[in-house]
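Visitor: Dropping the structure in here first, questions after.
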Amino acid sequence: MASPAQAEGPFRNPDNKNLADPGEGTYPVPYKKPVVADITAALHRIRGFMETATPTRVVDKKTGAPITDFSKPNASAITEASHADMGITVYEMGVVHAGMYKAREVTGDKRFTDLSARHFNFFAEKLPYFQAQEKQFKLERGNSFSRFIDPRALDDAGSMCAAMMRARALKIGPDMANIIATCSDWVVNKQFRLKDGTMARERPQAVSLWADDLYMSVPALAELGRMSGKRAHFDDAVKNVLQMSGYLFNKQTRLYTHGWNANNTDAPDFYWARANGWAVMSMSDLLDVLPKDHPGYPQVLAQLRTTLKSIGERQSGTGLWHQMLDRNDSYLETSASAMFVYVFAHAINQGWISPTTYGSIAQAGWAGLSTRINDKGQVEGTCVGTTFASDQVYYYNRPTSPFALHGYGPTLLAGAEMIKLINNPDIEVQHKVRTYHYMPKGAGQTNYREHH
């Protein structure tokens, strides 16, 4: 299990220059104003690790030898495996691409999106080969490009589809129009839904909702609306945020339970942190592209604000958040913490929430998150893939792994957005009375005369 923070504390705040100050405490994480150069270096470590961890090669699964003849299909041809869940076509990689786009935006360094371009060029070049392989051998899930050829779930289609549409808008890599068409068709027309149109699954019960599916569907619908100009896709995205929230959001705790089964509507709630991370990220992504005159815009914004307030109240003393948000004896988990840091910082930069208090929450979150990025660029302390379960024991004891891809994209997003927050010209960060205050420019003069 993850320790409270992978760091060699205790730390003293270097922003307090009075080394003899008896009122200055010590911290389990580096409690200080983040430095842009340090964040940028951390992002590059992650980028470097992801470059080596995500090969784009075709090999023979029996021998491991490279495939060089693409003139005729080979039933044993697969994309070269990475470690554990680090597949180049999985939904978590769609979030990695989003993080790379954001990192390039704030640093101006093209190396961040070189990875995305490499992946997408590989997809464009090898899709015909794997399509031919499927036609001849009918490997189904054994085909390395099965998610692009025959998507069967939102996990197959939504996140990567959104990443490809964003890349298209940013002119990163080749135009992935054919894969976008296949994957978006699944999201829009083929995914199992409730009668009211809410995205649903047929597992673990015959009719189930997962909070994860907010992210697996809403960003793709939003990007499809932006790309096509069709309002119906924005309508569908807003409907799913609001209706999914109706089923999963507890108005007393102001948190999302992980899932809901139609045959057991009064089941206990389990506030898994990453489920709440998917929820707030999906709302944030939608608001980024949703026309402000859309009637759902204020409703989605209000839902995001309410959820962020509750999440902010549950931050731990390390800046990270617990695996189960309402259970302080559950371990501190990285991927959800990164999602929260990103959305807090992004919402401030977009003007959706006030920098007052929330800026300090984001900063403290990054302090904790930064300790989970090791010297190799691996992100530690991330809960591995997790199903919708019906008992706390399962969630408490999910293992963590530096090869759980869920932590990488959110950490890239969080670091990049923190750089934007630190450089935000409309905010002044004051270090007063041994803590931090994010002050909106023009908010009036403060007075600390009694402290001098």
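Ordering of the structure tokens sets the chain letters (A, B, ...), residue numbers begin anew at 1 in every chain, and ligands are numbered from 1 in the order given.
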Determine, counting only C-alpha atoms, which protein, DNA and RNA residues have an atom within 7 Å of an atom of range 178-192 of chain A; residues of the same chain fewer than 6 positions away are not included. Present the result as a ChimeraX atom specification.

Guide: /A:148,151,153-154,157-158,161,164,199-201,217

Visitor: Would you give me, as JSON lines, each residue of range 277-309 of chain A having an atom within 10 Å of an atom of range 339-347 of chain A, along with its shortest atom pair and that distance in Å to one decimal, using only C-alpha atoms and sorting by chain and residue number?

Guide:
{"residue": "A:Gly277", "atom": "CA", "partner": "A:Met339", "partner_atom": "CA", "distance": 5.3}
{"residue": "A:Trp278", "atom": "CA", "partner": "A:Met339", "partner_atom": "CA", "distance": 7.6}
{"residue": "A:Ala279", "atom": "CA", "partner": "A:Met339", "partner_atom": "CA", "distance": 9.6}
{"residue": "A:Val280", "atom": "CA", "partner": "A:Val343", "partner_atom": "CA", "distance": 6.9}
{"residue": "A:Met281", "atom": "CA", "partner": "A:Val343", "partner_atom": "CA", "distance": 6.4}
{"residue": "A:Ser282", "atom": "CA", "partner": "A:Val343", "partner_atom": "CA", "distance": 9.7}
{"residue": "A:Met283", "atom": "CA", "partner": "A:Val343", "partner_atom": "CA", "distance": 9.3}
{"residue": "A:Ser284", "atom": "CA", "partner": "A:Val343", "partner_atom": "CA", "distance": 6.7}
{"residue": "A:Asp285", "atom": "CA", "partner": "A:Val343", "partner_atom": "CA", "distance": 9.3}
{"residue": "A:Leu287", "atom": "CA", "partner": "A:Ala347", "partner_atom": "CA", "distance": 9.7}
{"residue": "A:Asp288", "atom": "CA", "partner": "A:Ala347", "partner_atom": "CA", "distance": 9.8}
{"residue": "A:Leu301", "atom": "CA", "partner": "A:Ala347", "partner_atom": "CA", "distance": 9.8}
{"residue": "A:Leu304", "atom": "CA", "partner": "A:Ala347", "partner_atom": "CA", "distance": 9.2}
{"residue": "A:Arg305", "atom": "CA", "partner": "A:Ala347", "partner_atom": "CA", "distance": 8.9}
{"residue": "A:Leu308", "atom": "CA", "partner": "A:Phe344", "partner_atom": "CA", "distance": 7.3}
{"residue": "A:Lys309", "atom": "CA", "partner": "A:Phe344", "partner_atom": "CA", "distance": 9.7}

Visitor: For Phe234 in chain A, which residue among A:Asp293, A:Asp155, A:Glu125, A:Glu8 is the nearest when counting only C-alpha atoms?

Guide: A:Asp293

Visitor: Residues of range 332-403 of chain A classed as strand (DSSP E or B) by DSSP on the backbone are to be reported as a PDB file with N, CA and C atoms, in the first residue's frame.

Guide:
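Output contents, as saved in selection-v8.pdb:
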ATOM      1  N   LEU A 332      -3.818   6.877   0.889  1.00  0.00           N
ATOM      2  CA  LEU A 332      -3.777   8.075   0.068  1.00  0.00           C
ATOM      3  C   LEU A 332      -3.455   7.672  -1.367  1.00  0.00           C
ATOM      4  N   GLU A 333      -4.288   8.117  -2.306  1.00  0.00           N
ATOM      5  CA  GLU A 333      -4.224   7.598  -3.675  1.00  0.00           C
ATOM      6  C   GLU A 333      -3.845   8.702  -4.646  1.00  0.00           C
ATOM      7  N   ILE A 373       6.146  11.427  -7.808  1.00  0.00           N
ATOM      8  CA  ILE A 373       6.853  11.316  -9.084  1.00  0.00           C
ATOM      9  C   ILE A 373       8.300  10.976  -8.776  1.00  0.00           C
ATOM     10  N   VAL A 379       5.024   7.462 -11.856  1.00  0.00           N
ATOM     11  CA  VAL A 379       4.062   8.024 -10.906  1.00  0.00           C
ATOM     12  C   VAL A 379       3.648   6.900  -9.969  1.00  0.00           C
ATOM     13  N   CYS A 383      -3.871   3.566  -7.653  1.00  0.00           N
ATOM     14  CA  CYS A 383      -4.714   2.381  -7.588  1.00  0.00           C
ATOM     15  C   CYS A 383      -4.844   1.766  -8.976  1.00  0.00           C
ATOM     16  N   THR A 400      -1.631  -0.755  -5.398  1.00  0.00           N
ATOM     17  CA  THR A 400      -1.139   0.381  -6.170  1.00  0.00           C
ATOM     18  C   THR A 400       0.080  -0.059  -6.965  1.00  0.00           C
TER      19      THR A 400
END

Visitor: Could you tell me which of A:Tyr297, A:Tyr215, A:Tyr396, A:Trp366 comes closest to Asn328 in chain A if we count only C-alpha atoms?

Guide: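 With only C-alpha atoms as the atom set, the closest residue is A:Tyr396.
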
Visitor: Run DSSP on the backbone of this structure and report the residues of range 205-420 of chain A it assigns to alpha helix (DSSP H), as a VMD selection string.

Guide: chain A and resid 212 to 228 231 to 248 273 to 289 297 to 313 334 to 349 355 to 370 392 to 396 408 to 420

Visitor: Neighbouring residues of Asp109 in chain A were defined as those with any atom within 12 Å, considering only C-alpha atoms; residues of the same chain fewer than 5 positions away were excluded. Please report them as a ChimeraX atom specification.

Guide: /A:40-41,43-44,47,100-104,114,416

Visitor: With N, CA and C atoms retained, could you export that selection as a PDB file, in the first residue's frame?

Guide:
ATOM      1  N   THR A  40       8.144  21.816 -14.311  1.00  0.00           N
ATOM      2  CA  THR A  40       8.503  21.477 -15.692  1.00  0.00           C
ATOM      3  C   THR A  40       9.444  20.282 -15.728  1.00  0.00           C
ATOM      4  N   ALA A  41      10.404  20.249 -14.826  1.00  0.00           N
ATOM      5  CA  ALA A  41      11.333  19.120 -14.769  1.00  0.00           C
ATOM      6  C   ALA A  41      10.599  17.824 -14.444  1.00  0.00           C
ATOM      7  N   LEU A  43       7.463  17.151 -15.132  1.00  0.00           N
ATOM      8  CA  LEU A  43       6.697  16.770 -16.320  1.00  0.00           C
ATOM      9  C   LEU A  43       7.585  16.108 -17.362  1.00  0.00           C
ATOM     10  N   HIS A  44       8.792  16.606 -17.501  1.00  0.00           N
ATOM     11  CA  HIS A  44       9.718  16.000 -18.464  1.00  0.00           C
ATOM     12  C   HIS A  44      10.163  14.608 -18.015  1.00  0.00           C
ATOM     13  N   ARG A  47       7.355  12.464 -19.080  1.00  0.00           N
ATOM     14  CA  ARG A  47       7.389  12.324 -20.542  1.00  0.00           C
ATOM     15  C   ARG A  47       8.455  11.320 -20.964  1.00  0.00           C
ATOM     16  N   MET A 100      -0.287  15.597 -22.268  1.00  0.00           N
ATOM     17  CA  MET A 100       0.813  16.034 -23.131  1.00  0.00           C
ATOM     18  C   MET A 100       0.442  17.313 -23.888  1.00  0.00           C
ATOM     19  N   TYR A 101      -0.807  17.389 -24.362  1.00  0.00           N
ATOM     20  CA  TYR A 101      -1.239  18.616 -25.059  1.00  0.00           C
ATOM     21  C   TYR A 101      -1.126  19.813 -24.118  1.00  0.00           C
ATOM     22  N   LYS A 102      -1.603  19.634 -22.891  1.00  0.00           N
ATOM     23  CA  LYS A 102      -1.591  20.736 -21.926  1.00  0.00           C
ATOM     24  C   LYS A 102      -0.158  21.125 -21.562  1.00  0.00           C
ATOM     25  N   ALA A 103       0.709  20.123 -21.405  1.00  0.00           N
ATOM     26  CA  ALA A 103       2.104  20.410 -21.062  1.00  0.00           C
ATOM     27  C   ALA A 103       2.788  21.191 -22.182  1.00  0.00           C
ATOM     28  N   ARG A 104       2.510  20.828 -23.417  1.00  0.00           N
ATOM     29  CA  ARG A 104       3.086  21.583 -24.526  1.00  0.00           C
ATOM     30  C   ARG A 104       2.538  23.014 -24.549  1.00  0.00           C
ATOM     31  N   ASP A 114       5.252  15.135 -29.202  1.00  0.00           N
ATOM     32  CA  ASP A 114       5.904  14.179 -30.102  1.00  0.00           C
ATOM     33  C   ASP A 114       5.428  12.756 -29.800  1.00  0.00           C
ATOM     34  N   ALA A 416       0.856  20.802 -15.436  1.00  0.00           N
ATOM     35  CA  ALA A 416       0.747  21.856 -16.448  1.00  0.00           C
ATOM     36  C   ALA A 416      -0.196  22.959 -16.001  1.00  0.00           C
TER      37      ALA A 416
END

Visitor: Mind giving me the straight-line distance from CA of Asn74 in chain A to CA of Thr54 in chain A in Å, one decimal?

Guide: 22.1 Å

Visitor: Give me, as a list of chain:residue names, all polymer residues having an atom no more than 9 Å from range 117-121 of chain A, counting only C-alpha atoms and skipping those fewer than 4 positions away in the same chain.

Guide: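 Using only C-alpha atoms, the neighbours found are A:Thr54, A:Pro55, A:Thr56, A:Ile88, A:Thr89, A:Thr113, A:Glu125, A:Lys126, A:Met164, A:Ala167, A:Ile172, A:Gly173, A:Pro174, A:Asp175, A:Met176.
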
Visitor: May I have the residues within 9 Å of Tyr31 in chain A as a PyMOL selection string, using only C-alpha atoms and disregarding those fewer than 2 positions away in the same chain?

Guide: chain A and resi 11-15+26-29+33-34+363-364+367-368+435

Visitor: Could you turn the residues from that selection into a file that holds N, CA, C and O atoms, as an mmCIF file, in the first residue's frame?

Guide:
data_model
loop_
_atom_site.group_PDB
_atom_site.id
_atom_site.type_symbol
_atom_site.label_atom_id
_atom_site.label_comp_id
_atom_site.auth_asym_id
_atom_site.auth_seq_id
_atom_site.Cartn_x
_atom_site.Cartn_y
_atom_site.Cartn_z
ATOM 1 N N PHE A 11 9.557 18.375 6.255
ATOM 2 C CA PHE A 11 10.050 19.513 5.495
ATOM 3 C C PHE A 11 9.754 20.810 6.236
ATOM 4 O O PHE A 11 8.701 20.948 6.857
ATOM 5 N N ARG A 12 10.670 21.733 6.114
ATOM 6 C CA ARG A 12 10.431 23.088 6.595
ATOM 7 C C ARG A 12 10.117 23.971 5.400
ATOM 8 O O ARG A 12 10.681 23.792 4.317
ATOM 9 N N ASN A 13 9.234 24.922 5.584
ATOM 10 C CA ASN A 13 8.854 25.803 4.484
ATOM 11 C C ASN A 13 9.978 26.799 4.191
ATOM 12 O O ASN A 13 10.265 27.670 5.014
ATOM 13 N N PRO A 14 10.612 26.715 3.014
ATOM 14 C CA PRO A 14 11.721 27.630 2.712
ATOM 15 C C PRO A 14 11.262 29.058 2.422
ATOM 16 O O PRO A 14 12.099 29.961 2.383
ATOM 17 N N ASP A 15 9.947 29.258 2.232
ATOM 18 C CA ASP A 15 9.467 30.619 2.001
ATOM 19 C C ASP A 15 9.460 31.455 3.281
ATOM 20 O O ASP A 15 9.318 32.678 3.233
ATOM 21 N N THR A 26 6.655 21.905 10.694
ATOM 22 C CA THR A 26 7.253 21.087 9.642
ATOM 23 C C THR A 26 6.139 20.260 9.010
ATOM 24 O O THR A 26 5.078 20.042 9.616
ATOM 25 N N TYR A 27 6.407 19.790 7.802
ATOM 26 C CA TYR A 27 5.358 19.186 6.986
ATOM 27 C C TYR A 27 5.817 17.861 6.391
ATOM 28 O O TYR A 27 7.017 17.656 6.145
ATOM 29 N N PRO A 28 4.863 16.946 6.128
ATOM 30 C CA PRO A 28 5.235 15.666 5.507
ATOM 31 C C PRO A 28 5.509 15.784 4.014
ATOM 32 O O PRO A 28 6.007 14.839 3.401
ATOM 33 N N VAL A 29 5.172 16.931 3.428
ATOM 34 C CA VAL A 29 5.421 17.206 2.006
ATOM 35 C C VAL A 29 6.031 18.592 1.898
ATOM 36 O O VAL A 29 5.961 19.381 2.842
ATOM 37 N N LYS A 33 5.525 27.516 -2.040
ATOM 38 C CA LYS A 33 4.998 27.915 -3.338
ATOM 39 C C LYS A 33 5.725 27.129 -4.423
ATOM 40 O O LYS A 33 6.964 27.105 -4.459
ATOM 41 N N PRO A 34 5.006 26.475 -5.320
ATOM 42 C CA PRO A 34 5.674 25.685 -6.362
ATOM 43 C C PRO A 34 6.533 26.555 -7.275
ATOM 44 O O PRO A 34 6.228 27.732 -7.505
ATOM 45 N N GLN A 363 -2.443 24.162 -4.604
ATOM 46 C CA GLN A 363 -1.006 24.210 -4.324
ATOM 47 C C GLN A 363 -0.607 23.099 -3.352
ATOM 48 O O GLN A 363 0.387 22.397 -3.566
ATOM 49 N N ALA A 364 -1.381 22.934 -2.290
ATOM 50 C CA ALA A 364 -1.084 21.878 -1.318
ATOM 51 C C ALA A 364 -1.221 20.499 -1.961
ATOM 52 O O ALA A 364 -0.460 19.572 -1.651
ATOM 53 N N ALA A 367 1.858 19.829 -3.865
ATOM 54 C CA ALA A 367 2.956 19.497 -2.958
ATOM 55 C C ALA A 367 2.956 18.005 -2.646
ATOM 56 O O ALA A 367 3.998 17.341 -2.675
ATOM 57 N N GLY A 368 1.773 17.460 -2.369
ATOM 58 C CA GLY A 368 1.685 16.036 -2.108
ATOM 59 C C GLY A 368 1.917 15.211 -3.354
ATOM 60 O O GLY A 368 2.636 14.205 -3.333
ATOM 61 N N THR A 435 1.424 30.849 5.781
ATOM 62 C CA THR A 435 0.593 30.104 4.839
ATOM 63 C C THR A 435 0.396 30.937 3.577
ATOM 64 O O THR A 435 1.011 32.009 3.434
#

Visitor: So, with only C-alpha atoms as the atoms that count, which of A:His83, A:His258, A:His431, A:Lys420 lies closest to Ser390 in chain A?

Guide: A:His258

Visitor: Quick one, how far is CA of Ser310 in chain A from CA of Gln392 in chain A?

Guide: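 Computing it gives 20.6 Å between the two atoms.
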